Amino acid sequence: MPSARETELLEAAYRYALSHGLADVSLRPLAAAIGSSTRVLLYLFGSKDGLVRALLARAREDELALLADLGTGPGVVARLWEWLSAPAHRPLLTLWLEAYARSLVEPEGPWAGFARATVEDWLEVLRAAQPADVRDTADGLALRTRELALLRGALLDLLATGDGDRVTAALRVAGGSSAQCDEVH
């Protein structure tokens with residue numbers, strides 16, 4: 001169980017990462033920004049990689065909390081998109097995208113497994129939202145995968161352009177071929 005100081009510093013470092021990203025994080029500026037020292041961070045997290053792993057786990061906690069709050073059944077894709085497209089969530093989503101990409105190009109580093117784990121998390125939420133007679137079939141998996149691909153592509157576009165109206169309209173049009181996307185508004 002982490003100490004109160006470790007939790008406090010992790011939360012401060014997480015806020016820092018949401019604003020500055022993790023790609024070029026350096027312990028000295030991070031420590032100064034959060035009122036600590038590199039020595040304390042290394043003591044608490046073992047290494048820079050250990051701190052990055054802790055920050056990714058913290059970001060994943062936010063992601064899993066979102067997914068748990070979505071519920072199941074009709075409209076889950078619309079609820080996902082509503083949350084994803086909210087401007088207040090852009091820092092978390094930018095951090096998520098950075099971690100996702102790094103996990104693909106540095107599969108052995110502190111980012112290891114992040115992308116795969118998030119895909120599995122999201123597919124499970126979409127699975128739970130499907131009708132029982134579809135969810136455990138090959139077609140059910142294919143539909144979930146398509147919905148996830150649409151959401152992730154829309155998210156990339158939204159983060160790149162900030163054009164929520166256009167991207168939401170595109171999801172609405174794509175929804176014509178997906179029952180769960182039909183509710184995107």
# chains A, B, ... in the order shown; residues from 1 in each chain; ligands from 1
call {"tool": "residues_around", "arguments": {"residues": "A:Arg90", "least_positions_apart": "4", "cutoff": "10 Å", "atoms": "only C-alpha atoms", "output": "ChimeraX atom specification"}}
result
/A:18-19,84-86,94-96,155,158-159,162
call {"tool": "select_by_dssp", "arguments": {"residues": "stretch 1-164 of chain A", "states": "alpha helix (DSSP H)", "output": "ChimeraX atom specification"}}
result
/A:4-20,27-33,38-45,48-69,76-85,90-105,114-129,132-135,138-161,164
call {"tool": "closest_residue", "arguments": {"among": "A:Gly50, A:Gly75, A:Pro2, A:Gly21", "to": "A:Ala112", "atoms": "only C-alpha atoms"}}
result
A:Gly50
call {"tool": "residues_around", "arguments": {"residues": "stretch 60-69 of chain A", "least_positions_apart": "6", "cutoff": "12 Å", "atoms": "only C-alpha atoms", "output": "ChimeraX atom specification"}}
result
/A:11,14,18,53-54,76-77,79-84,89,91-93,95-97,99-100,111,113-115,117-126,128-129
call {"tool": "write_last_selection", "arguments": {"atoms": "N, CA and C atoms", "output": "CSV table (one decimal), in the first residue's frame"}}
result
chain,number,residue,atom,x,y,z
A,11,GLU,N,-0.2,11.8,-7.5
A,11,GLU,CA,-1.3,12.7,-8.0
A,11,GLU,C,-0.8,14.0,-8.6
A,14,TYR,N,0.8,13.2,-11.8
A,14,TYR,CA,-0.3,12.9,-12.8
A,14,TYR,C,-0.8,14.2,-13.3
A,18,LEU,N,-0.6,15.3,-17.2
A,18,LEU,CA,-1.8,15.7,-18.0
A,18,LEU,C,-1.6,17.0,-18.8
A,53,ARG,N,5.4,4.0,-15.2
A,53,ARG,CA,4.5,2.9,-15.0
A,53,ARG,C,3.4,3.3,-14.0
A,54,ALA,N,3.8,3.9,-12.9
A,54,ALA,CA,2.8,4.3,-11.9
A,54,ALA,C,1.8,5.4,-12.5
A,76,VAL,N,-24.5,2.9,-25.4
A,76,VAL,CA,-23.2,2.9,-24.7
A,76,VAL,C,-22.2,3.6,-25.6
A,77,VAL,N,-22.3,3.5,-26.9
A,77,VAL,CA,-21.3,4.1,-27.8
A,77,VAL,C,-21.6,5.6,-27.8
A,79,ARG,N,-22.8,7.3,-25.3
A,79,ARG,CA,-22.2,7.8,-24.0
A,79,ARG,C,-20.7,7.8,-24.0
A,80,LEU,N,-20.1,6.8,-24.6
A,80,LEU,CA,-18.6,6.9,-24.7
A,80,LEU,C,-18.2,8.1,-25.5
A,81,TRP,N,-18.8,8.4,-26.6
A,81,TRP,CA,-18.4,9.5,-27.5
A,81,TRP,C,-18.7,10.8,-26.7
A,82,GLU,N,-19.8,10.9,-26.0
A,82,GLU,CA,-20.1,12.1,-25.3
A,82,GLU,C,-19.0,12.4,-24.3
A,83,TRP,N,-18.5,11.4,-23.6
A,83,TRP,CA,-17.4,11.6,-22.7
A,83,TRP,C,-16.1,11.9,-23.4
A,84,LEU,N,-15.8,11.1,-24.4
A,84,LEU,CA,-14.6,11.3,-25.2
A,84,LEU,C,-14.5,12.7,-25.8
A,89,HIS,N,-11.9,16.6,-21.1
A,89,HIS,CA,-11.2,15.4,-21.0
A,89,HIS,C,-10.0,15.3,-22.0
A,91,PRO,N,-7.0,16.7,-21.9
A,91,PRO,CA,-5.6,16.3,-21.4
A,91,PRO,C,-5.5,14.8,-21.1
A,92,LEU,N,-6.5,14.2,-20.6
A,92,LEU,CA,-6.4,12.8,-20.3
A,92,LEU,C,-6.3,12.0,-21.6
A,93,LEU,N,-7.1,12.4,-22.6
A,93,LEU,CA,-7.1,11.6,-23.9
A,93,LEU,C,-5.8,11.8,-24.6
A,95,LEU,N,-2.9,12.3,-23.1
A,95,LEU,CA,-2.0,11.4,-22.4
A,95,LEU,C,-2.2,10.0,-22.8
A,96,TRP,N,-3.5,9.6,-22.9
A,96,TRP,CA,-3.8,8.2,-23.3
A,96,TRP,C,-3.2,7.9,-24.6
A,97,LEU,N,-3.4,8.8,-25.6
A,97,LEU,CA,-2.9,8.6,-27.0
A,97,LEU,C,-1.4,8.5,-27.0
A,99,ALA,N,0.5,7.5,-24.5
A,99,ALA,CA,0.9,6.2,-23.9
A,99,ALA,C,0.6,5.0,-24.9
A,100,TYR,N,-0.5,5.1,-25.5
A,100,TYR,CA,-1.0,4.1,-26.5
A,100,TYR,C,0.1,3.9,-27.6
A,111,TRP,N,5.9,1.4,-21.0
A,111,TRP,CA,4.6,1.5,-21.6
A,111,TRP,C,4.1,0.1,-22.0
A,113,GLY,N,2.4,-3.1,-22.9
A,113,GLY,CA,1.0,-3.6,-22.7
A,113,GLY,C,-0.1,-2.6,-22.6
A,114,PHE,N,0.3,-1.3,-22.5
A,114,PHE,CA,-0.8,-0.3,-22.3
A,114,PHE,C,-1.8,-0.3,-23.4
A,115,ALA,N,-1.4,-0.4,-24.7
A,115,ALA,CA,-2.3,-0.3,-25.8
A,115,ALA,C,-3.2,-1.6,-25.8
A,117,ALA,N,-4.0,-3.5,-23.3
A,117,ALA,CA,-4.9,-3.5,-22.2
A,117,ALA,C,-6.1,-2.6,-22.4
A,118,THR,N,-5.9,-1.4,-23.0
A,118,THR,CA,-7.0,-0.5,-23.2
A,118,THR,C,-8.0,-1.1,-24.3
A,119,VAL,N,-7.4,-1.7,-25.3
A,119,VAL,CA,-8.3,-2.3,-26.3
A,119,VAL,C,-9.2,-3.4,-25.6
A,120,GLU,N,-8.6,-4.2,-24.8
A,120,GLU,CA,-9.4,-5.2,-24.2
A,120,GLU,C,-10.4,-4.6,-23.2
A,121,ASP,N,-10.1,-3.6,-22.5
A,121,ASP,CA,-11.0,-2.9,-21.6
A,121,ASP,C,-12.2,-2.4,-22.4
A,122,TRP,N,-11.9,-1.7,-23.5
A,122,TRP,CA,-13.0,-1.1,-24.3
A,122,TRP,C,-13.9,-2.2,-25.0
A,123,LEU,N,-13.2,-3.2,-25.5
A,123,LEU,CA,-14.0,-4.3,-26.1
A,123,LEU,C,-14.9,-4.9,-25.1
A,124,GLU,N,-14.5,-5.1,-23.9
A,124,GLU,CA,-15.3,-5.7,-22.9
A,124,GLU,C,-16.6,-4.8,-22.6
A,125,VAL,N,-16.4,-3.5,-22.5
A,125,VAL,CA,-17.5,-2.6,-22.3
A,125,VAL,C,-18.5,-2.7,-23.5
A,126,LEU,N,-18.0,-2.7,-24.7
A,126,LEU,CA,-18.9,-2.8,-25.8
A,126,LEU,C,-19.5,-4.2,-25.9
A,128,ALA,N,-20.4,-6.0,-23.2
A,128,ALA,CA,-21.5,-6.0,-22.2
A,128,ALA,C,-22.7,-5.3,-22.7
A,129,ALA,N,-22.5,-4.4,-23.7
A,129,ALA,CA,-23.6,-3.6,-24.2
A,129,ALA,C,-24.4,-4.3,-25.3
call {"tool": "residues_around", "arguments": {"residues": "A:Arg127", "least_positions_apart": "2", "cutoff": "12 Å", "atoms": "only C-alpha atoms", "output": "ChimeraX atom specification"}}
result
/A:71-74,76-77,119-125,129-148,180
call {"tool": "atom_distance", "arguments": {"atom1": "atom CA of A:Tyr43", "atom2": "atom CA of A:Leu55"}}
result
15.6 Å
call {"tool": "residues_around", "arguments": {"residues": "A:Ala13", "least_positions_apart": "4", "cutoff": "9 Å", "atoms": "only C-alpha atoms", "output": "PyMOL selection string"}}
result
chain A and resi 8-9+17-18+30-31+33-34+51+55
call {"tool": "write_last_selection", "arguments": {"atoms": "N, CA and C atoms", "output": "compact mmCIF listing (two decimals), in the first residue's frame"}}
result
# COMPACT_ATOMS: atom_id res chain seq x y z
N GLU A 8 0.34 11.38 -2.69
CA GLU A 8 0.32 12.83 -2.95
C GLU A 8 1.21 13.18 -4.14
N LEU A 9 2.42 12.63 -4.16
CA LEU A 9 3.34 12.94 -5.26
C LEU A 9 2.88 12.32 -6.57
N ALA A 17 1.70 15.42 -15.73
CA ALA A 17 1.70 14.64 -16.97
C ALA A 17 0.50 15.00 -17.85
N LEU A 18 -0.64 15.29 -17.25
CA LEU A 18 -1.81 15.68 -18.03
C LEU A 18 -1.56 16.99 -18.77
N LEU A 30 10.25 17.75 -13.34
CA LEU A 30 9.02 17.22 -12.76
C LEU A 30 9.04 17.37 -11.25
N ALA A 31 10.13 16.96 -10.62
CA ALA A 31 10.24 17.05 -9.17
C ALA A 31 10.09 18.50 -8.71
N ALA A 33 8.54 20.92 -10.22
CA ALA A 33 7.16 21.37 -10.47
C ALA A 33 6.18 20.86 -9.44
N ILE A 34 6.47 19.69 -8.86
CA ILE A 34 5.52 19.12 -7.91
C ILE A 34 5.96 19.25 -6.46
N LEU A 51 8.22 5.33 -12.22
CA LEU A 51 7.29 6.45 -12.12
C LEU A 51 6.36 6.49 -13.33
N LEU A 55 2.34 6.28 -13.34
CA LEU A 55 1.50 7.29 -13.96
C LEU A 55 0.55 6.67 -14.99
